[in-house]
file entry34.txt (compact mmCIF, C-alpha atoms (C1' of nucleotides))
# COMPACT_ATOMS: atom_id res chain seq x y z
CA MET M 17 -28.19 -27.14 -1.19
CA PRO M 18 -29.20 -23.72 -2.38
CA LYS M 19 -30.83 -21.88 0.46
CA LEU M 20 -32.46 -18.61 -0.40
CA GLY M 21 -31.49 -15.26 1.05
CA MET M 22 -27.79 -16.10 1.00
CA GLU M 23 -26.69 -12.86 -0.60
CA PRO M 24 -26.26 -10.74 2.55
CA ILE M 25 -24.64 -13.64 4.40
CA ARG M 26 -22.18 -14.34 1.62
CA LYS M 27 -21.39 -10.69 1.15
CA ALA M 28 -20.73 -10.21 4.84
CA ALA M 29 -18.50 -13.26 4.90
CA LEU M 30 -16.57 -11.96 1.92
CA VAL M 31 -16.12 -8.53 3.46
CA LYS M 32 -14.77 -10.03 6.65
CA ALA M 33 -12.53 -12.40 4.73
CA THR M 34 -11.23 -9.53 2.62
CA ILE M 35 -10.26 -7.50 5.68
CA ASP M 36 -8.67 -10.52 7.35
CA GLU M 37 -6.77 -11.44 4.25
CA ILE M 38 -5.47 -7.89 3.75
CA GLY M 39 -4.35 -7.98 7.37
CA ARG M 40 -2.61 -11.29 6.88
CA ALA M 41 -0.82 -10.18 3.72
CA GLY M 42 -0.22 -6.64 4.97
CA SER M 43 -1.10 -5.42 1.49
CA LEU M 44 -3.74 -5.40 -1.18
CA ASP M 45 -1.80 -8.15 -2.86
CA VAL M 46 -4.35 -10.80 -2.02
CA THR M 47 -6.11 -12.99 -4.53
CA VAL M 48 -9.81 -13.48 -4.93
CA SER M 49 -9.06 -17.11 -4.49
CA GLN M 50 -7.61 -16.56 -1.01
CA ILE M 51 -10.51 -14.38 0.01
CA ALA M 52 -13.07 -16.83 -1.29
CA ARG M 53 -11.41 -19.78 0.38
CA ARG M 54 -11.35 -17.99 3.71
CA ALA M 55 -15.00 -17.13 3.28
CA GLY M 56 -15.76 -20.75 2.45
CA MET M 57 -16.90 -20.50 -1.13
CA SER M 58 -15.65 -20.66 -4.69
CA THR M 59 -14.03 -17.77 -6.50
CA ALA M 60 -16.85 -17.85 -9.00
CA LEU M 61 -19.34 -17.09 -6.25
CA ALA M 62 -17.26 -14.22 -4.97
CA HIS M 63 -17.23 -12.75 -8.45
CA HIS M 64 -20.93 -13.42 -8.73
CA TYR M 65 -21.69 -11.27 -5.70
CA PHE M 66 -19.15 -8.49 -6.08
CA GLY M 67 -18.36 -8.38 -9.77
CA ASN M 68 -14.68 -7.74 -9.27
CA LYS M 69 -11.97 -7.46 -6.69
CA GLU M 70 -12.01 -3.70 -6.42
CA GLN M 71 -15.61 -3.80 -5.30
CA MET M 72 -14.62 -6.23 -2.58
CA PHE M 73 -11.93 -3.84 -1.39
CA LEU M 74 -14.32 -0.92 -1.36
CA ALA M 75 -16.94 -2.89 0.54
CA ALA M 76 -14.27 -3.79 3.07
CA MET M 77 -13.31 -0.15 3.43
CA ARG M 78 -16.92 0.87 3.93
CA HIS M 79 -17.21 -1.74 6.62
CA VAL M 80 -14.15 -0.59 8.53
CA LEU M 81 -15.38 2.99 8.38
CA SER M 82 -18.83 2.07 9.56
CA LEU M 83 -17.41 0.18 12.52
CA TYR M 84 -15.36 3.21 13.44
CA GLY M 85 -18.37 5.46 13.05
CA ALA M 86 -20.40 3.27 15.35
CA GLU M 87 -17.69 3.36 17.98
CA VAL M 88 -17.59 7.13 17.86
CA ARG M 89 -21.34 7.42 18.26
CA GLY M 90 -21.21 5.00 21.17
CA ALA M 91 -18.48 6.95 22.91
CA LEU M 92 -20.23 10.27 22.41
CA ALA M 93 -23.46 8.95 23.81
CA THR M 94 -21.93 8.59 27.27
CA ALA M 95 -19.77 11.72 27.37
CA ASP M 96 -20.94 14.93 28.95
CA GLY M 97 -19.65 18.39 28.23
CA PRO M 98 -17.46 19.62 25.37
CA ARG M 99 -14.15 18.69 26.88
CA ALA M 100 -15.23 15.18 27.85
CA ARG M 101 -16.66 14.66 24.40
CA LEU M 102 -13.43 15.76 22.75
CA ASN M 103 -11.49 13.32 24.88
CA ALA M 104 -13.94 10.57 24.03
CA ILE M 105 -13.50 11.15 20.30
CA VAL M 106 -9.74 10.98 20.68
CA ARG M 107 -9.80 7.88 22.82
CA VAL M 108 -12.02 5.97 20.43
CA SER M 109 -9.48 6.38 17.66
CA PHE M 110 -6.96 4.52 19.77
CA ALA M 111 -9.18 1.83 21.18
CA ALA M 112 -7.72 -1.66 21.21
CA GLY M 113 -9.86 -2.75 18.28
CA SER M 114 -8.32 -0.10 16.03
CA PHE M 115 -4.92 -1.69 16.44
CA ARG M 116 -5.86 -5.18 15.41
CA ARG M 117 -3.54 -6.33 12.66
CA GLU M 118 -6.23 -6.53 10.05
CA VAL M 119 -7.62 -3.09 10.85
CA VAL M 120 -4.18 -1.52 10.63
CA GLY M 121 -3.60 -3.29 7.34
CA ALA M 122 -6.89 -2.03 6.04
CA TRP M 123 -6.20 1.58 6.97
CA LEU M 124 -2.70 1.73 5.57
CA ASN M 125 -3.81 0.17 2.35
CA PHE M 126 -6.81 2.45 2.07
CA TYR M 127 -4.45 5.39 2.08
CA VAL M 128 -2.67 3.77 -0.81
CA LEU M 129 -5.92 3.07 -2.62
CA ALA M 130 -7.09 6.62 -2.08
CA GLN M 131 -4.29 7.86 -4.31
CA THR M 132 -5.79 6.33 -7.39
CA VAL M 133 -9.30 4.98 -6.81
CA PRO M 134 -11.84 7.80 -6.69
CA GLU M 135 -14.35 5.88 -4.61
CA ALA M 136 -11.68 5.08 -2.03
CA ARG M 137 -10.78 8.73 -1.83
CA ARG M 138 -14.41 9.63 -1.40
CA LEU M 139 -14.72 7.24 1.52
CA LEU M 140 -11.62 8.71 3.11
CA ARG M 141 -13.21 12.14 2.76
CA VAL M 142 -16.32 10.89 4.52
CA TYR M 143 -14.20 9.76 7.45
CA GLN M 144 -12.28 13.02 7.57
CA ARG M 145 -15.34 15.22 7.32
CA ARG M 146 -17.19 13.31 9.98
CA LEU M 147 -14.30 13.54 12.38
CA ARG M 148 -13.87 17.20 11.60
CA SER M 149 -17.49 18.04 12.22
CA ASN M 150 -17.58 16.03 15.44
CA LEU M 151 -14.59 17.97 16.68
CA LEU M 152 -15.91 21.34 15.55
CA ALA M 153 -19.17 20.84 17.38
CA GLU M 154 -17.28 20.72 20.66
CA LEU M 155 -14.47 23.13 19.86
CA ARG M 156 -16.53 26.03 18.63
CA PRO M 157 -18.20 26.77 21.96
CA MET M 158 -14.77 26.58 23.57
CA ILE M 159 -12.55 28.61 21.27
CA GLY M 160 -14.72 30.07 18.54
CA ALA M 161 -12.93 30.92 15.33
CA ARG M 162 -9.79 29.04 16.25
CA ALA M 163 -11.83 25.84 16.27
CA VAL M 164 -11.23 25.21 12.58
CA PRO M 165 -7.44 25.02 12.55
CA VAL M 166 -7.42 23.13 15.83
CA ALA M 167 -9.86 20.55 14.47
CA GLU M 168 -7.67 20.07 11.42
CA GLY M 169 -4.68 19.69 13.70
CA VAL M 170 -6.36 17.10 15.87
CA GLY M 171 -7.43 15.13 12.80
CA ALA M 172 -3.93 15.12 11.41
CA MET M 173 -2.41 14.24 14.73
CA ILE M 174 -4.75 11.31 15.24
CA ASP M 175 -3.66 9.89 11.89
CA GLY M 176 0.01 10.49 12.57
CA VAL M 177 0.00 9.05 16.06
CA TYR M 178 -2.04 6.10 14.86
CA ILE M 179 0.43 5.20 12.15
CA ARG M 180 3.41 5.50 14.46
CA GLU M 181 1.76 3.39 17.08
CA ALA M 182 0.54 0.83 14.57
CA LEU M 183 4.01 0.44 13.07
CA SER M 184 5.81 0.50 16.39
CA ASP M 185 7.78 -2.51 17.57
CA ARG M 186 6.10 -2.60 20.92
CA PRO M 187 2.47 -3.51 21.42
CA PRO M 188 0.39 -0.41 20.74
CA ASP M 189 -0.20 1.91 23.67
CA GLY M 190 -3.61 3.39 23.08
CA VAL M 191 -3.62 5.33 26.31
CA GLY M 192 -0.29 6.96 25.56
CA ALA M 193 -1.44 7.75 22.06
CA ALA M 194 -4.57 9.45 23.31
CA ARG M 195 -2.55 11.37 25.88
CA MET M 196 -0.37 12.75 23.13
CA VAL M 197 -3.30 14.13 21.16
CA ILE M 198 -4.91 15.47 24.29
CA ALA M 199 -1.70 17.30 25.12
CA TYR M 200 -1.99 18.98 21.75
CA LEU M 201 -5.55 19.97 22.57
CA ASP M 202 -4.47 21.36 25.92
CA GLY M 203 -1.77 23.40 24.27
CA GLN M 204 -4.16 24.83 21.72
CA ILE M 205 -7.18 25.48 23.89
CA ASP M 206 -5.05 27.13 26.48
CA HIS M 207 -3.30 29.20 23.91
CA ARG M 208 -2.79 32.93 24.02
CA VAL M 209 -2.14 34.38 20.60
CA LEU M 210 1.56 35.11 20.44
CA ALA M 211 3.07 38.35 19.26
CA MET Q 21 28.45 -1.90 -26.71
CA PRO Q 22 29.44 -3.00 -23.24
CA LYS Q 23 30.98 -0.04 -21.53
CA LEU Q 24 32.64 -0.70 -18.23
CA GLY Q 25 31.61 0.82 -14.94
CA MET Q 26 27.94 0.59 -15.79
CA GLU Q 27 26.84 -0.90 -12.51
CA PRO Q 28 26.34 2.32 -10.54
CA ILE Q 29 24.74 4.03 -13.53
CA ARG Q 30 22.33 1.18 -14.14
CA LYS Q 31 21.47 0.86 -10.48
CA ALA Q 32 20.78 4.56 -10.16
CA ALA Q 33 18.60 4.46 -13.24
CA LEU Q 34 16.67 1.52 -11.83
CA VAL Q 35 16.16 3.21 -8.48
CA LYS Q 36 14.80 6.31 -10.12
CA ALA Q 37 12.62 4.27 -12.44
CA THR Q 38 11.29 2.27 -9.50
CA ILE Q 39 10.27 5.41 -7.62
CA ASP Q 40 8.72 6.94 -10.71
CA GLU Q 41 6.85 3.80 -11.53
CA ILE Q 42 5.50 3.44 -7.99
CA GLY Q 43 4.36 7.03 -8.24
CA ARG Q 44 2.66 6.40 -11.55
CA ALA Q 45 0.88 3.29 -10.31
CA GLY Q 46 0.24 4.65 -6.83
CA SER Q 47 1.10 1.24 -5.48
CA LEU Q 48 3.77 -1.40 -5.29
CA ASP Q 49 1.90 -3.22 -8.00
CA VAL Q 50 4.48 -2.47 -10.64
CA THR Q 51 6.27 -5.02 -12.73
CA VAL Q 52 9.98 -5.43 -13.16
CA SER Q 53 9.28 -5.13 -16.83
CA GLN Q 54 7.79 -1.63 -16.42
CA ILE Q 55 10.66 -0.53 -14.24
CA ALA Q 56 13.27 -1.91 -16.61
CA ARG Q 57 11.64 -0.37 -19.65
CA ARG Q 58 11.51 3.05 -17.98
CA ALA Q 59 15.17 2.67 -17.07
CA GLY Q 60 15.99 1.72 -20.65
CA MET Q 61 17.14 -1.85 -20.23
CA SER Q 62 15.92 -5.41 -20.26
CA THR Q 63 14.26 -7.11 -17.31
CA ALA Q 64 17.09 -9.59 -17.28
CA LEU Q 65 19.56 -6.81 -16.59
CA ALA Q 66 17.44 -5.43 -13.79
CA HIS Q 67 17.44 -8.84 -12.19
CA HIS Q 68 21.15 -9.12 -12.83
CA TYR Q 69 21.87 -6.00 -10.77
CA PHE Q 70 19.29 -6.31 -8.01
CA GLY Q 71 18.54 -10.00 -7.75
CA ASN Q 72 14.85 -9.52 -7.19
CA LYS Q 73 12.10 -6.98 -7.05
CA GLU Q 74 12.09 -6.54 -3.30
CA GLN Q 75 15.68 -5.38 -3.40
CA MET Q 76 14.68 -2.76 -5.96
CA PHE Q 77 11.95 -1.51 -3.66
CA LEU Q 78 14.30 -1.33 -0.70
CA ALA Q 79 16.93 0.50 -2.73
CA ALA Q 80 14.25 2.97 -3.76
CA MET Q 81 13.24 3.48 -0.14
CA ARG Q 82 16.84 4.06 0.88
CA HIS Q 83 17.14 6.63 -1.84
CA VAL Q 84 14.05 8.57 -0.80
CA LEU Q 85 15.24 8.59 2.79
CA SER Q 86 18.70 9.74 1.84
CA LEU Q 87 17.27 12.61 -0.20
CA TYR Q 88 15.18 13.66 2.77
CA GLY Q 89 18.19 13.39 5.07
CA ALA Q 90 20.22 15.59 2.76
CA GLU Q 91 17.49 18.21 2.70
CA VAL Q 92 17.35 18.27 6.48
CA ARG Q 93 21.09 18.71 6.76
CA GLY Q 94 20.97 21.50 4.22
CA ALA Q 95 18.21 23.31 6.05
CA LEU Q 96 19.92 22.97 9.42
CA ALA Q 97 23.15 24.34 8.05
CA THR Q 98 21.59 27.75 7.49
CA ALA Q 99 19.42 28.01 10.60
CA ASP Q 100 20.56 29.76 13.71
CA GLY Q 101 19.25 29.16 17.21
CA PRO Q 102 17.04 26.35 18.55
CA ARG Q 103 13.73 27.80 17.52
CA ALA Q 104 14.85 28.62 13.99
CA ARG Q 105 16.30 25.17 13.65
CA LEU Q 106 13.07 23.55 14.78
CA ASN Q 107 11.14 25.55 12.25
CA ALA Q 108 13.62 24.57 9.56
CA ILE Q 109 13.19 20.88 10.31
CA VAL Q 110 9.43 21.22 10.09
CA ARG Q 111 9.50 23.22 6.90
CA VAL Q 112 11.76 20.75 5.13
CA SER Q 113 9.24 17.99 5.65
CA PHE Q 114 6.72 19.96 3.68
CA ALA Q 115 8.95 21.28 0.94
CA ALA Q 116 7.53 21.12 -2.56
CA GLY Q 117 9.72 18.16 -3.47
CA SER Q 118 8.16 16.04 -0.76
CA PHE Q 119 4.77 16.35 -2.37
CA ARG Q 120 5.75 15.17 -5.81
CA ARG Q 121 3.47 12.37 -6.85
CA GLU Q 122 6.19 9.77 -6.90
CA VAL Q 123 7.53 10.74 -3.49
CA VAL Q 124 4.08 10.55 -1.95
CA GLY Q 125 3.53 7.19 -3.56
CA ALA Q 126 6.83 5.97 -2.22
CA TRP Q 127 6.09 7.07 1.35
CA LEU Q 128 2.60 5.64 1.52
CA ASN Q 129 3.76 2.36 0.13
CA PHE Q 130 6.72 2.21 2.45
CA TYR Q 131 4.34 2.34 5.36
CA VAL Q 132 2.59 -0.64 3.85
CA LEU Q 133 5.86 -2.46 3.26
CA ALA Q 134 7.00 -1.74 6.80
CA GLN Q 135 4.20 -3.93 8.11
CA THR Q 136 5.76 -7.07 6.74
CA VAL Q 137 9.26 -6.52 5.38
CA PRO Q 138 11.78 -6.25 8.22
CA GLU Q 139 14.28 -4.25 6.23
CA ALA Q 140 11.60 -1.73 5.29
CA ARG Q 141 10.66 -1.37 8.91
CA ARG Q 142 14.29 -0.89 9.83
CA LEU Q 143 14.59 1.93 7.32
CA LEU Q 144 11.45 3.57 8.68
CA ARG Q 145 13.02 3.40 12.13
CA VAL Q 146 16.13 5.11 10.82
CA TYR Q 147 14.01 7.97 9.55
CA GLN Q 148 12.05 8.24 12.78
CA ARG Q 149 15.10 8.10 15.01
CA ARG Q 150 16.95 10.68 12.98
CA LEU Q 151 14.02 13.07 13.08
CA ARG Q 152 13.59 12.46 16.78
CA SER Q 153 17.19 13.15 17.61
CA ASN Q 154 17.28 16.28 15.46
CA LEU Q 155 14.25 17.58 17.31
CA LEU Q 156 15.54 16.62 20.73
CA ALA Q 157 18.80 18.44 20.16
CA GLU Q 158 16.89 21.70 19.88
CA LEU Q 159 14.07 21.01 22.29
CA ARG Q 160 16.12 19.91 25.27
CA PRO Q 161 17.75 23.28 25.84
CA MET Q 162 14.33 24.86 25.57
CA ILE Q 163 12.09 22.66 27.68
CA GLY Q 164 14.28 20.02 29.30
CA ALA Q 165 12.49 16.84 30.28
CA ARG Q 166 9.36 17.64 28.33
CA ALA Q 167 11.44 17.52 25.16
CA VAL Q 168 10.86 13.80 24.69
CA PRO Q 169 7.07 13.74 24.47
CA VAL Q 170 7.06 16.93 22.43
CA ALA Q 171 9.53 15.47 19.94
CA GLU Q 172 7.36 12.37 19.58
CA GLY Q 173 4.35 14.61 19.08
CA VAL Q 174 6.05 16.67 16.41
CA GLY Q 175 7.15 13.54 14.60
CA ALA Q 176 3.66 12.09 14.62
CA MET Q 177 2.12 15.36 13.58
CA ILE Q 178 4.49 15.76 10.66
CA ASP Q 179 3.45 12.35 9.39
CA GLY Q 180 -0.24 13.01 9.91
CA VAL Q 181 -0.26 16.43 8.31
CA TYR Q 182 1.82 15.10 5.45
CA ILE Q 183 -0.62 12.33 4.66
CA ARG Q 184 -3.62 14.64 4.83
CA GLU Q 185 -1.97 17.16 2.61
CA ALA Q 186 -0.71 14.55 0.18
CA LEU Q 187 -4.17 13.00 -0.17
CA SER Q 188 -5.98 16.31 -0.29
CA ASP Q 189 -7.94 17.32 -3.36
CA ARG Q 190 -6.27 20.68 -3.61
CA PRO Q 191 -2.63 21.14 -4.52
CA PRO Q 192 -0.58 20.64 -1.38
CA ASP Q 193 -0.04 23.69 0.80
CA GLY Q 194 3.38 23.18 2.35
CA VAL Q 195 3.33 26.51 4.13
CA GLY Q 196 -0.01 25.82 5.77
CA ALA Q 197 1.16 22.37 6.74
CA ALA Q 198 4.27 23.73 8.40
CA ARG Q 199 2.21 26.38 10.18
CA MET Q 200 0.03 23.69 11.68
CA VAL Q 201 2.96 21.80 13.17
CA ILE Q 202 4.55 25.00 14.38
CA ALA Q 203 1.32 25.90 16.14
CA TYR Q 204 1.62 22.60 17.98
CA LEU Q 205 5.17 23.50 18.94
CA ASP Q 206 4.06 26.91 20.17
CA GLY Q 207 1.37 25.34 22.27
CA GLN Q 208 3.74 22.86 23.84
CA ILE Q 209 6.76 25.08 24.38
CA ASP Q 210 4.60 27.72 25.90
CA HIS Q 211 2.90 25.21 28.12
CA ARG Q 212 2.41 25.51 31.83
CA VAL Q 213 1.75 22.16 33.44
CA LEU Q 214 -1.94 22.05 34.22
CA ALA Q 215 -3.46 21.10 37.52
C1' DA H 18 -46.07 -29.15 -13.78
C1' DA H 19 -43.69 -25.99 -16.22
C1' DG H 20 -41.06 -21.87 -15.94
C1' DT H 21 -38.30 -18.59 -13.41
C1' DT H 22 -35.23 -16.96 -10.13
C1' DT H 23 -31.36 -17.68 -6.93
C1' DA H 24 -27.32 -20.28 -5.42
C1' DT H 25 -23.30 -22.62 -6.61
C1' DT H 26 -19.16 -24.50 -8.74
C1' DG H 27 -15.58 -26.88 -11.88
C1' DA H 28 -13.35 -25.99 -15.73
C1' DC H 29 -11.50 -22.89 -18.73
C1' DT H 30 -9.52 -18.64 -21.10
C1' DC H 31 -6.36 -15.38 -21.65
C1' DG H 32 -3.18 -12.91 -19.82
C1' DT H 33 0.74 -11.66 -16.93
C1' DC H 34 4.86 -11.90 -14.43
C1' DA H 35 9.22 -13.03 -11.73
C1' DA H 36 13.11 -15.30 -12.40
C1' DT H 37 16.48 -18.13 -15.15
C1' DC H 38 19.53 -19.34 -18.87
C1' DA H 39 22.24 -19.66 -22.73
C1' DA H 40 24.57 -16.96 -25.63
C1' DC H 41 26.97 -13.00 -27.41
C1' DA H 42 30.12 -8.91 -27.04
C1' DA H 43 33.67 -6.00 -25.41
C1' DA H 44 37.15 -4.79 -22.34
C1' DA H 45 40.86 -6.22 -18.88
C1' DA H 46 44.11 -9.23 -17.12
C1' DC H 47 47.62 -12.41 -17.76
C1' DG J 20 46.32 -14.08 -27.67
C1' DT J 21 43.85 -16.51 -24.71
C1' DT J 22 41.34 -16.38 -20.44
C1' DT J 23 38.48 -13.87 -17.29
C1' DT J 24 35.47 -10.41 -16.03
C1' DT J 25 31.67 -7.33 -16.95
C1' DG J 26 27.61 -5.99 -19.60
C1' DT J 27 23.64 -7.33 -22.08
C1' DT J 28 19.46 -9.50 -23.96
C1' DG J 29 15.98 -12.74 -26.33
C1' DA J 30 13.76 -16.55 -25.27
C1' DT J 31 11.89 -19.51 -22.11
C1' DT J 32 10.01 -21.55 -17.91
C1' DG J 33 6.80 -22.32 -14.62
C1' DA J 34 3.48 -20.50 -12.06
C1' DC J 35 -0.50 -17.94 -10.85
C1' DG J 36 -4.54 -15.00 -11.24
C1' DA J 37 -8.93 -12.35 -12.65
C1' DG J 38 -12.87 -12.99 -14.70
C1' DT J 39 -16.25 -15.95 -17.69
C1' DC J 40 -19.28 -19.69 -18.73
C1' DA J 41 -21.96 -23.57 -18.93
C1' DA J 42 -24.11 -26.62 -16.14
C1' DT J 43 -26.52 -28.32 -11.91
C1' DA J 44 -29.79 -27.89 -8.38
C1' DA J 45 -33.00 -26.18 -5.12
C1' DA J 46 -36.70 -23.16 -4.16
C1' DC J 47 -40.35 -20.01 -5.48
C1' DT J 48 -44.06 -18.54 -8.92
C1' DT J 49 -47.90 -19.21 -11.76

call {"tool": "encode", "arguments": {"input": "entry34.txt", "output": "C-alpha cells"}}
result
Amino acid sequence: MPKLGMEPIRKAALVKATIDEIGRAGSLDVTVSQIARRAGMSTALAHHYFGNKEQMFLAAMRHVLSLYGAEVRGALATADGPRARLNAIVRVSFAAGSFRREVVGAWLNFYVLAQTVPEARRLLRVYQRRLRSNLLAELRPMIGARAVPVAEGVGAMIDGVYIREALSDRPPDGVGAARMVIAYLDGQIDHRVLA
Amino acid sequence: MPKLGMEPIRKAALVKATIDEIGRAGSLDVTVSQIARRAGMSTALAHHYFGNKEQMFLAAMRHVLSLYGAEVRGALATADGPRARLNAIVRVSFAAGSFRREVVGAWLNFYVLAQTVPEARRLLRVYQRRLRSNLLAELRPMIGARAVPVAEGVGAMIDGVYIREALSDRPPDGVGAARMVIAYLDGQIDHRVLA
DNA sequence: AAGTTTATTGACTCGTCAATCAACAAAAAC
DNA sequence: GTTTTTGTTGATTGACGAGTCAATAAACTT
C-alpha cells in the first residue's frame, strides 16, 4: 500500500481534522485518536508525522492564520483608495467563513493557548502585527499621528465584536459586525481633538 | 474533627482554588485532585460538595462575575452624572484586579466553555446584559436612539481591548485600555450623522 | 538482488483521572 | 443513649489517553 510522497497529504489531512475536531469539541480537549480517526489513519501515524499533539495544534493555528491572511490579501487587491481598503480589511474579518463553528473554536482556543504556549503567542503576535500594519498603511495618509491609536482601537474592536458575534445566540451577522467597527472608524477619523 | 457548618467554607475554598488552578494552568485542563489539594481537602470531599467538575467550573464563573458586578456597583456609587458614570464603568473593567493571571485565565476559558455548556453561556449573557443596561441608562439621556448601537460597541470594545491587554507581552496598562474605549465613546457621542 | 528509505499499524506501556464507596467520627436530634 | 445528620477520607474502580516500538510492506537506490 505505501505510496510515496504521502507526508504533505497526511499532514494536511491531520491539520484539517484537528481544526474540525476542535470545532466539534469546542475545546482543545480532543484526543489524538479522534483526530487521527477523522483524518483516516492510525494514531501512530499521526504521531509519526507531528511528534506530539501540541505540534498538531500549532500547525492548525498556522493554517487558520494563513487562510485569514490570504483572504485579507484578496480583499485588498480589489479595493481602491484608503477608505475603501480600510472597509475591506474590516469586512474580511467578519466574512461568513470566519464564523464557521470550527474556525470560531480554533480562535477562542488559540487565545487560551497563547497564555501558556510561547509559539502560540508568537503566532497571535504575527496576526496582530499584520493587521496593525495593514491598517496603518491606510490610516497614516488620512490622519497622520493619530493613526497608531486608531489602528490599535480597530484591532481590538474587531476581536471584541467577533467574539460577541461568534458567541451570540442568533446566527452571526457579519454585515452588522462590520458596520459597528466602521462606525468606530467614522467617529475617529472625523474626530476633532476635544478640549 | 468534623466541625459543623463547613459546607459554605469548603465550597468557597473550592471555588477560589478552582479559579487559582485555572489561572495556573491557563486552561480548564485542571484535575479535581489539584483543585482539592489546593483547597486543603480530599478529592472525595470536593465531589461530595459539588457533584462533579463542571459544577465547580460554573461556580467559579459565577464567582468571577459576581466580583465584577460588585466592583461595578461600587464604582457607580461614587460617580456623578452620565458621562462620569460611563467612564467609571469603563475603568472598572480594566482595574488591576481584572488583569490578575487567574482572572484572565478564567475569562478566556469561560468564552471557550460558553461555546458548549449552556449554563456557561447563560452566565455570559448575564454579564453582557448587565453591562449593556448599565451603559444604556447613561447613554440614552445623552444620545437617545443611538444609545443602543453605541452600548453594543462599547461592550464589544471592552472585551476586545481586555483580551489584547491581557495577552500582551508588557504588563497590562489599564489606564491606556480605558482611554481607548473612552476615545470610542467620544467619537460616537460627538457624532454627527454622515451623509 | 541486496540495502535503504518511507509508509503504516497493532499492540503495548505507563500514567492519569473522574467518580464511587465503605467506613469512621463528631455533633444534633429525639 | 441511640438514631440521624454532617463531615471526611483512603482505597478502589473503570476508563481513557499520549507516546513508543517492533514489525510489515512497498518503493527507490545502488

call {"tool": "interface_residues", "arguments": {"input": "entry34.txt", "of": "chain H", "to": "chain Q", "cutoff": "10 Å", "atoms": "all atoms listed in the file", "output": "compact mmCIF listing (two decimals) with C-alpha atoms (C1' of nucleotides), in the coordinates of the input"}}
result
# COMPACT_ATOMS: atom_id res chain seq x y z
C1' DT H 33 0.74 -11.66 -16.93
C1' DC H 34 4.86 -11.90 -14.43
C1' DA H 35 9.22 -13.03 -11.73
C1' DA H 36 13.11 -15.30 -12.40
C1' DT H 37 16.48 -18.13 -15.15
C1' DA H 42 30.12 -8.91 -27.04
C1' DA H 43 33.67 -6.00 -25.41
C1' DA H 44 37.15 -4.79 -22.34
C1' DA H 45 40.86 -6.22 -18.88

call {"tool": "closest_residue", "arguments": {"input": "entry34.txt", "among": "M:Ala62, M:Val128, M:Ala55, M:Met158", "to": "M:Gly97", "atoms": "only C-alpha atoms"}}
result
M:Met158

call {"tool": "closest_residue", "arguments": {"input": "entry34.txt", "among": "M:Leu61, M:Leu155, M:Met173, M:Ala29", "to": "chain J", "atoms": "all atoms listed in the file"}}
result
M:Leu61

call {"tool": "closest_atom_pairs", "arguments": {"input": "entry34.txt", "of": "chain Q", "to": "chain M", "cutoff": "7 Å", "atoms": "all atoms listed in the file", "output": "tab-separated table"}}
result
residue	atom	partner	partner_atom	distance
Q:Gly46	CA	M:Gln131	CA	6.1
Q:Ser47	CA	M:Val128	CA	6.5
Q:Leu128	CA	M:Val128	CA	6.1
Q:Asn129	CA	M:Val128	CA	6.6
Q:Val132	CA	M:Leu124	CA	6.0
Q:Gln135	CA	M:Gly42	CA	6.1
Q:Thr136	CA	M:Gly42	CA	6.3
Q:Gly173	CA	M:Met196	CA	6.5
Q:Ala176	CA	M:Gly176	CA	4.5
Q:Met177	CA	M:Met173	CA	4.8
Q:Asp179	CA	M:Gly176	CA	5.0
Q:Gly180	CA	M:Gly176	CA	3.7
Q:Val181	CA	M:Ala172	CA	5.0
Q:Arg184	CA	M:Ala172	CA	6.6
Q:Leu187	CA	M:Gln131	CA	6.6
Q:Met200	CA	M:Gly169	CA	6.5
Q:Tyr204	CA	M:Tyr200	CA	6.4
Q:Gly207	CA	M:Gly203	CA	4.2
Q:Gln208	CA	M:Gly203	CA	5.6
Q:His211	CA	M:Gly203	CA	6.3

call {"tool": "closest_residue", "arguments": {"input": "entry34.txt", "among": "M:His64, M:Arg99, M:Arg53, M:Arg89", "to": "M:Leu152", "atoms": "only C-alpha atoms"}}
result
M:Arg99

call {"tool": "interface_residues", "arguments": {"input": "entry34.txt", "of": "chain J", "to": "chain M", "cutoff": "9 Å", "atoms": "only C-alpha atoms (C1' of nucleotides)", "output": "PDB file with C-alpha atoms (C1' of nucleotides), in the frame of the given file"}}
result
ATOM      1  C1'  DG J  36      -4.540 -15.000 -11.240  1.00  0.00           C
ATOM      2  C1'  DA J  37      -8.930 -12.350 -12.650  1.00  0.00           C
ATOM      3  C1'  DG J  38     -12.870 -12.990 -14.700  1.00  0.00           C
ATOM      4  C1'  DT J  39     -16.250 -15.950 -17.690  1.00  0.00           C
ATOM      5  C1'  DA J  44     -29.790 -27.890  -8.380  1.00  0.00           C
ATOM      6  C1'  DA J  45     -33.000 -26.180  -5.120  1.00  0.00           C
ATOM      7  C1'  DA J  46     -36.700 -23.160  -4.160  1.00  0.00           C
TER       8       DA J  46
END
